[in-house]
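Next comes protein_6.pdb, with PDB, C-alpha atoms.
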```pdb
ATOM      1  CA  LYS A 301     110.536 132.772  88.738
ATOM      2  CA  LYS A 302     107.260 132.489  90.602
ATOM      3  CA  ARG A 303     106.007 128.910  90.877
ATOM      4  CA  LYS A 304     102.457 127.889  90.117
ATOM      5  CA  LYS A 305     100.277 126.757  92.971
ATOM      6  CA  GLY A 306      98.644 123.369  92.993
ATOM      7  CA  PHE A 307      95.077 124.647  92.841
ATOM      8  CA  THR A 308      93.416 127.221  90.593
ATOM      9  CA  ALA A 309      89.754 128.083  90.130
ATOM     10  CA  LYS A 310      90.253 128.189  86.373
ATOM     11  CA  LYS A 311      91.230 124.528  86.194
ATOM     12  CA  SER A 312      88.626 123.358  88.709
ATOM     13  CA  ALA A 313      85.896 124.880  86.507
ATOM     14  CA  LYS A 314      86.313 122.010  84.040
ATOM     15  CA  TRP A 315      85.498 119.289  86.579
ATOM     16  CA  ILE A 316      82.224 117.634  87.545
ATOM     17  CA  TYR A 317      81.452 115.503  90.585
ATOM     18  CA  VAL A 318      79.372 112.363  90.103
ATOM     19  CA  THR A 319      77.553 110.235  92.687
ATOM     20  CA  GLY A 320      75.423 107.095  92.466
ATOM     21  CA  ILE A 321      78.038 105.102  90.562
ATOM     22  CA  PRO A 322      77.584 101.303  90.880
ATOM     23  CA  MET A 323      80.402  99.278  92.455
ATOM     24  CA  ASP A 324      81.180  97.397  89.239
ATOM     25  CA  ALA A 325      81.558 100.550  87.132
ATOM     26  CA  THR A 326      84.803 101.241  85.274
ATOM     27  CA  GLU A 327      86.607 104.331  84.041
ATOM     28  CA  GLU A 328      85.916 103.204  80.465
ATOM     29  CA  GLU A 329      82.172 103.026  81.113
ATOM     30  CA  LEU A 330      82.147 106.504  82.654
ATOM     31  CA  ALA A 331      84.234 107.927  79.800
ATOM     32  CA  LYS A 332      81.775 106.605  77.226
ATOM     33  CA  HIS A 333      78.742 107.937  79.111
ATOM     34  CA  PHE A 334      80.046 111.413  79.967
ATOM     35  CA  GLY A 335      81.811 111.758  76.638
ATOM     36  CA  LYS A 336      78.382 112.010  75.010
ATOM     37  CA  VAL A 337      78.031 115.641  76.077
ATOM     38  CA  GLY A 338      81.599 116.892  75.685
ATOM     39  CA  ILE A 339      85.234 116.055  75.058
ATOM     40  CA  LEU A 340      86.990 114.723  78.150
ATOM     41  CA  GLU A 341      90.430 116.042  79.031
ATOM     42  CA  ILE A 342      93.287 113.607  78.468
ATOM     43  CA  SER A 343      95.578 112.673  81.348
ATOM     44  CA  PRO A 344      99.279 113.124  80.552
ATOM     45  CA  GLU A 345     100.154 110.210  82.832
ATOM     46  CA  ASN A 346      98.363 107.497  80.816
ATOM     47  CA  SER A 347      96.863 109.244  77.753
ATOM     48  CA  LEU A 348      93.367 108.241  78.904
ATOM     49  CA  PRO A 349      90.386 110.462  79.850
ATOM     50  CA  ARG A 350      90.982 112.242  83.158
ATOM     51  CA  ILE A 351      88.623 110.406  85.491
ATOM     52  CA  LYS A 352      89.147 109.890  89.214
ATOM     53  CA  LEU A 353      86.976 106.955  90.275
ATOM     54  CA  TYR A 354      87.222 106.939  94.055
ATOM     55  CA  ARG A 355      87.956 103.587  95.698
ATOM     56  CA  ASP A 356      88.192 102.354  99.270
ATOM     57  CA  LYS A 357      91.851 102.335 100.332
ATOM     58  CA  ASP A 358      91.607  98.983 102.093
ATOM     59  CA  SER A 359      89.368  96.942  99.784
ATOM     60  CA  GLY A 360      89.961  98.720  96.481
ATOM     61  CA  LEU A 361      86.212  98.674  95.801
ATOM     62  CA  VAL A 362      84.450 101.568  94.081
ATOM     63  CA  LYS A 363      82.966 103.937  96.661
ATOM     64  CA  GLY A 364      80.259 105.274  94.327
ATOM     65  CA  ASP A 365      81.576 108.699  93.382
ATOM     66  CA  ALA A 366      84.023 110.170  90.880
ATOM     67  CA  SER A 367      85.505 113.408  89.570
ATOM     68  CA  ILE A 368      85.618 113.868  85.789
ATOM     69  CA  CYS A 369      87.392 116.597  83.828
ATOM     70  CA  TYR A 370      86.244 118.035  80.492
ATOM     71  CA  ALA A 371      88.482 119.694  77.917
ATOM     72  CA  ASN A 372      86.158 122.731  77.788
ATOM     73  CA  GLU A 373      84.511 124.520  80.692
ATOM     74  CA  SER A 374      81.263 124.853  78.721
ATOM     75  CA  SER A 375      80.784 121.069  78.791
ATOM     76  CA  VAL A 376      80.354 121.130  82.578
ATOM     77  CA  ALA A 377      77.031 122.993  82.426
ATOM     78  CA  VAL A 378      75.790 120.675  79.680
ATOM     79  CA  ALA A 379      76.721 117.576  81.703
ATOM     80  CA  VAL A 380      74.894 118.885  84.778
ATOM     81  CA  ASP A 381      71.777 119.841  82.787
ATOM     82  CA  VAL A 382      71.585 116.680  80.682
ATOM     83  CA  LEU A 383      73.034 113.883  82.812
ATOM     84  CA  ASN A 384      72.083 114.820  86.390
ATOM     85  CA  GLY A 385      69.347 112.456  87.544
ATOM     86  CA  GLY A 386      69.783 110.246  84.499
ATOM     87  CA  MET A 387      70.738 106.590  84.279
ATOM     88  CA  LEU A 388      74.226 105.282  83.641
ATOM     89  CA  ARG A 389      72.769 102.035  82.327
ATOM     90  CA  ALA A 390      69.711 101.131  80.330
ATOM     91  CA  ASP A 391      68.388  98.781  83.033
ATOM     92  CA  GLY A 392      67.638 101.781  85.267
ATOM     93  CA  THR A 393      69.736 100.559  88.203
ATOM     94  CA  ALA A 394      72.248 103.393  88.334
ATOM     95  CA  ARG A 395      70.751 106.873  88.739
ATOM     96  CA  LEU A 396      73.518 109.469  88.778
ATOM     97  CA  GLY A 397      73.923 112.744  90.574
ATOM     98  CA  VAL A 398      75.999 115.212  88.555
ATOM     99  CA  THR A 399      77.138 118.578  89.923
ATOM    100  CA  LYS A 400      79.902 121.046  89.257
ATOM    101  CA  ALA A 401      82.939 119.978  91.286
ATOM    102  CA  ALA A 402      83.871 122.105  94.295
ATOM    103  CA  PHE A 403      87.512 121.461  95.186
ATOM    104  CA  GLN A 404      89.292 122.703  98.264
ATOM    105  CA  GLN A 405      92.942 123.685  98.562
ATOM    106  CA  LYS A 406      93.711 120.341 100.255
ATOM    107  CA  GLY A 407      91.818 118.365  97.658
ATOM    108  CA  ASP A 408      92.786 117.129  94.212
ATOM    109  CA  LYS A 409      95.902 118.760  92.807
ATOM    110  CA  LEU A 410      94.868 120.067  89.422
ATOM    111  CA  ILE A 411      98.156 121.648  88.284
ATOM    112  CA  GLU A 412     101.602 120.160  88.658
ATOM    113  CA  ASP A 413     104.641 122.372  89.156
ATOM    114  CA  GLU A 414     106.068 122.490  85.632
ATOM    115  CA  ASP A 415     109.381 123.830  86.934
ATOM    116  CA  LYS A 416     109.991 120.493  88.656
ATOM    117  CA  MET A 417     108.964 118.259  85.752
ATOM    118  CA  ASP A 418     111.427 116.293  83.690
ATOM    119  CA  LYS A 419     111.419 116.499  79.897
ATOM    120  CA  GLU A 420     109.490 113.243  79.513
ATOM    121  CA  THR A 421     106.644 114.421  81.753
ATOM    122  CA  LEU A 422     106.469 117.768  79.978
ATOM    123  CA  ARG A 423     106.337 115.966  76.631
ATOM    124  CA  LYS A 424     103.456 113.807  77.834
ATOM    125  CA  ARG A 425     101.564 116.866  79.059
ATOM    126  CA  LYS A 426     102.026 118.559  75.701
ATOM    127  CA  MET A 427     100.751 115.506  73.817
ATOM    128  CA  ALA A 428      97.751 115.202  76.154
ATOM    129  CA  LYS A 429      96.819 118.826  75.487
ATOM    130  CA  LEU A 430      97.181 118.253  71.734
ATOM    131  CA  ALA A 431      94.927 115.198  71.918
ATOM    132  CA  ALA A 432      92.215 117.167  73.711
ATOM    133  CA  ALA A 433      92.535 120.090  71.296
ATOM    134  CA  GLN A 434      92.459 117.763  68.300
ATOM    135  CA  ALA A 435      89.204 116.183  69.446
ATOM    136  CA  VAL A 436      87.567 119.619  69.625
ATOM    137  CA  SER A 437      89.085 121.744  66.875
ATOM    138  CA  TRP A 438      90.603 119.636  64.106
ATOM    139  CA  ASP A 439      90.553 121.251  60.667
ATOM    140  CA  THR A 440      89.801 118.561  58.068
ATOM    141  CA  GLY A 441      90.514 120.917  55.195
ATOM    142  CA  ASP A 442      93.709 121.383  53.232
ATOM    143  CA  ASN A 443      95.490 122.921  56.220
ATOM    144  CA  GLY A 444      95.209 119.717  58.247
ATOM    145  CA  ARG A 445      96.040 121.443  61.519
ATOM    146  CA  ILE A 446      94.659 121.878  65.019
ATOM    147  CA  ALA A 447      93.455 125.372  65.822
ATOM    148  CA  GLY A 448      96.592 127.342  66.578
ATOM    149  CA  GLY A 449      98.680 125.604  63.928
ATOM    150  CA  ALA A 450      99.772 122.443  65.756
ATOM    151  CA  LYS A 451     100.212 119.290  63.705
ATOM    152  CA  GLY A 452      97.632 116.574  64.352
ATOM    153  CA  LEU A 453      98.231 113.246  66.094
ATOM    154  CA  THR A 454      98.014 110.140  63.911
ATOM    155  CA  ILE A 455      99.568 107.310  65.956
ATOM    156  CA  VAL A 456      97.299 105.337  68.275
ATOM    157  CA  VAL A 457      98.197 102.671  70.814
ATOM    158  CA  ILE A 458      96.137  99.518  71.298
ATOM    159  CA  LYS A 459      96.742  97.904  74.680
ATOM    160  CA  ASN A 460      95.828  94.312  75.603
ATOM    161  CA  ALA A 461      95.824  93.351  71.919
ATOM    162  CA  PHE A 462      97.110  89.814  72.544
ATOM    163  CA  THR A 463      98.016  87.381  75.330
ATOM    164  CA  LYS A 464     101.305  85.961  76.552
ATOM    165  CA  LYS A 465      99.916  82.442  76.181
ATOM    166  CA  GLU A 466      99.263  82.734  72.448
ATOM    167  CA  LEU A 467     102.757  84.136  71.900
ATOM    168  CA  GLN A 468     104.230  81.131  73.669
ATOM    169  CA  GLU A 469     102.182  78.757  71.527
ATOM    170  CA  ASP A 470     102.956  80.354  68.141
ATOM    171  CA  GLU A 471     104.309  83.903  68.153
ATOM    172  CA  ASP A 472     104.367  84.425  64.388
ATOM    173  CA  LYS A 473     100.773  83.253  64.020
ATOM    174  CA  ALA A 474      99.597  85.434  66.927
ATOM    175  CA  LEU A 475     101.273  88.596  65.619
ATOM    176  CA  GLU A 476      99.927  87.987  62.135
ATOM    177  CA  ASP A 477      96.434  87.545  63.566
ATOM    178  CA  VAL A 478      96.692  90.802  65.525
ATOM    179  CA  GLU A 479      97.664  92.722  62.379
ATOM    180  CA  LYS A 480      94.793  91.138  60.439
ATOM    181  CA  TRP A 481      92.275  92.119  63.109
ATOM    182  CA  ILE A 482      93.572  95.676  63.175
ATOM    183  CA  VAL A 483      93.238  96.012  59.405
ATOM    184  CA  ASP A 484      89.756  94.464  59.409
ATOM    185  CA  SER A 485      88.601  96.616  62.349
ATOM    186  CA  VAL A 486      89.948 100.057  61.461
ATOM    187  CA  GLY A 487      91.077  99.811  57.843
ATOM    188  CA  GLU A 488      87.922 101.478  56.553
ATOM    189  CA  MET A 489      88.412 104.471  58.853
ATOM    190  CA  GLY A 490      91.363 105.740  56.840
ATOM    191  CA  THR A 491      94.739 104.926  55.333
ATOM    192  CA  ILE A 492      96.945 102.781  57.571
ATOM    193  CA  GLU A 493     100.590 103.634  57.000
ATOM    194  CA  LYS A 494     102.146 101.299  59.534
ATOM    195  CA  ILE A 495     101.199  98.652  62.115
ATOM    196  CA  THR A 496     103.685  97.611  64.785
ATOM    197  CA  VAL A 497     103.001  94.793  67.236
ATOM    198  CA  PHE A 498     105.317  94.790  70.262
ATOM    199  CA  SER A 499     105.664  91.150  71.243
ATOM    200  CA  LYS A 500     107.808  91.987  74.303
ATOM    201  CA  SER A 501     105.466  94.675  75.593
ATOM    202  CA  ARG A 502     104.313  94.091  79.170
ATOM    203  CA  GLU A 503     100.965  95.665  78.245
ATOM    204  CA  HIS A 504     100.664  93.589  75.043
ATOM    205  CA  CYS A 505     100.608  96.656  72.807
ATOM    206  CA  ALA A 506     100.333  97.417  69.128
ATOM    207  CA  THR A 507     100.505 100.810  67.429
ATOM    208  CA  VAL A 508      98.754 102.021  64.298
ATOM    209  CA  LYS A 509      99.921 105.025  62.281
ATOM    210  CA  PHE A 510      97.215 106.587  60.131
ATOM    211  CA  LYS A 511      97.709 109.010  57.298
ATOM    212  CA  GLU A 512      94.625 111.024  58.228
ATOM    213  CA  VAL A 513      94.087 112.607  61.656
ATOM    214  CA  GLU A 514      90.334 112.084  61.492
ATOM    215  CA  ALA A 515      90.951 108.338  61.102
ATOM    216  CA  ALA A 516      92.997 108.294  64.310
ATOM    217  CA  ASN A 517      90.227 110.189  66.102
ATOM    218  CA  GLU A 518      87.594 107.740  64.892
ATOM    219  CA  CYS A 519      89.747 104.754  65.832
ATOM    220  CA  ILE A 520      89.974 105.888  69.453
ATOM    221  CA  GLU A 521      86.303 106.805  69.648
ATOM    222  CA  GLU A 522      85.100 103.495  68.208
ATOM    223  CA  MET A 523      87.678 101.048  69.565
ATOM    224  CA  ASN A 524      88.548 102.183  73.097
ATOM    225  CA  GLY A 525      86.953  99.842  75.613
ATOM    226  CA  LYS A 526      85.919  97.333  72.946
ATOM    227  CA  GLU A 527      85.221  93.944  74.502
ATOM    228  CA  ASN A 528      85.934  90.425  73.300
ATOM    229  CA  TRP A 529      88.653  91.689  70.967
ATOM    230  CA  ARG A 530      89.701  89.021  68.487
ATOM    231  CA  ASN A 531      87.053  86.740  70.037
ATOM    232  CA  LYS A 532      89.458  86.036  72.899
ATOM    233  CA  GLY A 533      87.670  87.846  75.714
ATOM    234  CA  LEU A 534      90.121  90.755  75.610
ATOM    235  CA  THR A 535      89.049  94.311  76.414
ATOM    236  CA  ILE A 536      91.323  96.750  74.627
ATOM    237  CA  LYS A 537      92.325 100.279  75.565
ATOM    238  CA  VAL A 538      93.038 102.680  72.711
ATOM    239  CA  HIS A 539      94.618 106.130  72.974
ATOM    240  CA  PHE A 540      97.071 108.439  71.219
ATOM    241  CA  TRP A 541     100.764 107.675  71.546
ATOM    242  CA  ASP A 542     102.287 110.205  73.931
ATOM    243  CA  GLY A 543     105.410 110.592  71.815
ATOM    244  CA  VAL A 544     107.629 109.262  74.606
ATOM    245  CA  THR A 545     106.684 105.803  75.850
ATOM    246  CA  ASP A 546     108.767 102.933  74.469
ATOM    247  CA  TYR A 547     106.596  99.828  74.190
ATOM    248  CA  THR A 548     109.427  97.466  73.302
ATOM    249  CA  ASN A 549     110.108  96.912  77.025
ATOM    250  CA  VAL A 550     113.368  95.146  76.272
ATOM    251  CA  THR A 551     115.199  94.570  79.567
ATOM    252  CA  GLU A 552     118.964  94.484  80.080
ATOM    253  CA  GLU A 553     118.614  90.743  80.650
ATOM    254  CA  ASP A 554     116.884  90.363  77.281
ATOM    255  CA  LYS A 555     119.624  92.383  75.596
ATOM    256  CA  ALA A 556     122.310  90.192  77.189
ATOM    257  CA  LYS A 557     120.547  87.023  76.033
ATOM    258  CA  ASP A 558     120.194  88.381  72.495
ATOM    259  CA  GLU A 559     123.883  89.319  72.392
ATOM    260  CA  GLU A 560     124.880  85.883  73.683
ATOM    261  CA  GLN A 561     122.719  84.225  71.030
ATOM    262  CA  ARG A 562     124.196  86.390  68.273
ATOM    263  CA  LEU A 563     127.731  85.441  69.342
ATOM    264  CA  GLU A 564     126.797  81.774  69.467
ATOM    265  CA  ASP A 565     125.209  81.943  66.013
ATOM    266  CA  PHE A 566     128.271  83.733  64.636
ATOM    267  CA  GLY A 567     130.594  81.127  66.130
ATOM    268  CA  GLN A 568     128.513  78.352  64.579
ATOM    269  CA  TRP A 569     128.618  80.121  61.228
ATOM    270  CA  ILE A 570     132.420  80.406  61.421
ATOM    271  CA  GLU A 571     132.769  76.710  62.158
ATOM    272  CA  ASN A 572     130.666  75.818  59.126
ATOM    273  CA  GLN A 573     132.720  77.898  56.690
ATOM    274  CA  GLU A 574     135.267  76.348  54.347
ATOM    275  CA  LEU A 575     138.668  77.975  54.706
ATOM    276  CA  PRO A 576     140.598  79.021  51.596
ATOM    277  CA  GLU A 577     143.307  76.588  50.512
ATOM    278  CA  GLU A 578     146.164  78.724  51.827
ATOM    279  CA  PHE A 579     144.696  78.750  55.365
ATOM    280  CA  ARG A 580     143.965  75.052  55.646
ATOM    281  CA  GLN A 581     146.107  72.947  57.963
ATOM    282  CA  ARG A 582     148.553  70.851  56.014
ATOM    283  CA  THR A 583     149.401  67.283  56.985
ATOM    284  CA  GLU A 584     152.502  65.418  55.781
TER
END
```
As structure tokens, what does this structure read like?
Amino acid sequence: KKRKKGFTAKKSAKWIYVTGIPMDATEEELAKHFGKVGILEISPENSLPRIKLYRDKDSGLVKGDASICYANESSVAVAVDVLNGGMLRADGTARLGVTKAAFQQKGDKLIEDEDKMDKETLRKRKMAKLAAAQAVSWDTGDNGRIAGGAKGLTIVVIKNAFTKKELQEDEDKALEDVEKWIVDSVGEMGTIEKITVFSKSREHCATVKFKEVEAANECIEEMNGKENWRNKGLTIKVHFWDGVTDYTNVTEEDKAKDEEQRLEDFGQWIENQELPEEFRQRTE
């Protein structure tokens, strides 16, 4: 079977190249700005918009340029026409240059070799493509399907929803507060079928399962990048669940501790039980 090469003109046609980006800019800020003229492609690695914000290798500081990928090639021309020469921010301090990206063979690798991917990576790529397609072509009618017949995505992930400190102080109260904020923030967008808060998650995650696909779309559009979440100075990241990632993050050490505690609790329970008469030790 012939393997795919890392670079194709077809894929590069969806990218734009941006200059004039301020040093304190973030991927979230760029996604919000460039998402005004088209749907951004979703990265299968992190389920976030595919944005390459170039940074200095030594300092890690933003160099001032970026490559951004749209889900549809037609959005590239619109971005160049509308956003080139415009301001990233209302204060007029960040004038952007926007052009169609021109990649070289040694540049960004736009296509991975699918023959070498494991099942988890392939699953993530599939979900990323569904997320992009859903944002562009969701049918809100009785069919409830993405163009082509695929079922819509309804589970979203909220990252940075809580802090480790508040869990240590009162875990039950913190988790209850997170659920309340989720309901108050997105409950009007659609029917919430399930909320799960993962207290052991390293990324402090919660997931929300909606009944309606359009509610999940709106949740991501309105909530991603939201600042001062729960009035605690948290900036949350919201995206579709990739269908693979396990946010429980339970380590083998945690499992061993839980098993040890269960055995200890069981032993204590045994000691507290009253034995039937026939099993009691008799004394003369």
Neighbours of range 313-323 of chain A within 8 Å (only C-alpha atoms; same-chain residues fewer than 3 positions away dropped), as a count of residues only?
29
Counting all atoms listed in the file, which residue out of A:Cys519, A:Ala379, A:Ala390, A:Ile351 sits closest to Gly338 in chain A?
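With all atoms listed in the file as the atom set, the closest residue is A:Ala379.
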Separation of CA of Ala515 in chain A from CA of Met489 in chain A in Å
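Computing it gives 5.1 Å between the two atoms.
Note that the spacing between CA of Phe334 in chain A and CA of Phe540 in chain A amounts to 19.4 Å.
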Listed atoms of range 329-339 of chain A, axis-aligned box, 3 Å per side: centre and edge lengths to one decimal in Å, as JSON?
```
{"center_x": 81.6, "center_y": 110.0, "center_z": 78.8, "size_x": 13.2, "size_y": 19.9, "size_z": 13.6}
```
Looking at only C-alpha atoms, which of A:Met523, A:Val513, A:Ile458, A:Ile536 is the one that sits closest to Phe498 in chain A?
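Among A:Met523, A:Val513, A:Ile458, A:Ile536, it is A:Ile458 that comes nearest to Phe498 in chain A.
Straight-line separation from CA of Lys494 in chain A to CA of Lys537 in chain A: 18.8 Å.
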For a quick check of understanding, using all atoms listed in the file, which of A:Lys480, A:Lys511, A:Arg350, A:Arg389 has the smallest distance to Glu329 in chain A?
A:Arg389
For the structure shown, which residues end up in the PyMOL selection byres ((chain A and resi 461) around 12)? Put them as a ChimeraX atom specification, please?
/A:457-460,462-464,466-467,474-482,496-499,501-508,523-538
For Thr491 in chain A, which of A:Lys332, A:Ala516, A:Tyr354, A:Asp472 is the closest residue, counting only C-alpha atoms?
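Of A:Lys332, A:Ala516, A:Tyr354, A:Asp472, the one nearest Thr491 in chain A, counting only C-alpha atoms, is A:Ala516.
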Nearest to Leu340 in chain A among A:Thr454, A:Glu521, A:Lys465, A:Leu383, with distances taken over all atoms listed in the file: which residue is it?
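Ranking A:Thr454, A:Glu521, A:Lys465, A:Leu383 by distance to Leu340 in chain A, first place goes to A:Glu521.
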Distance criterion (only C-alpha atoms): nearest to Asp381 in chain A out of A:Lys352, A:Ser485, A:Val337, A:Asp542
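For Asp381 in chain A, the nearest of the given residues is A:Val337.
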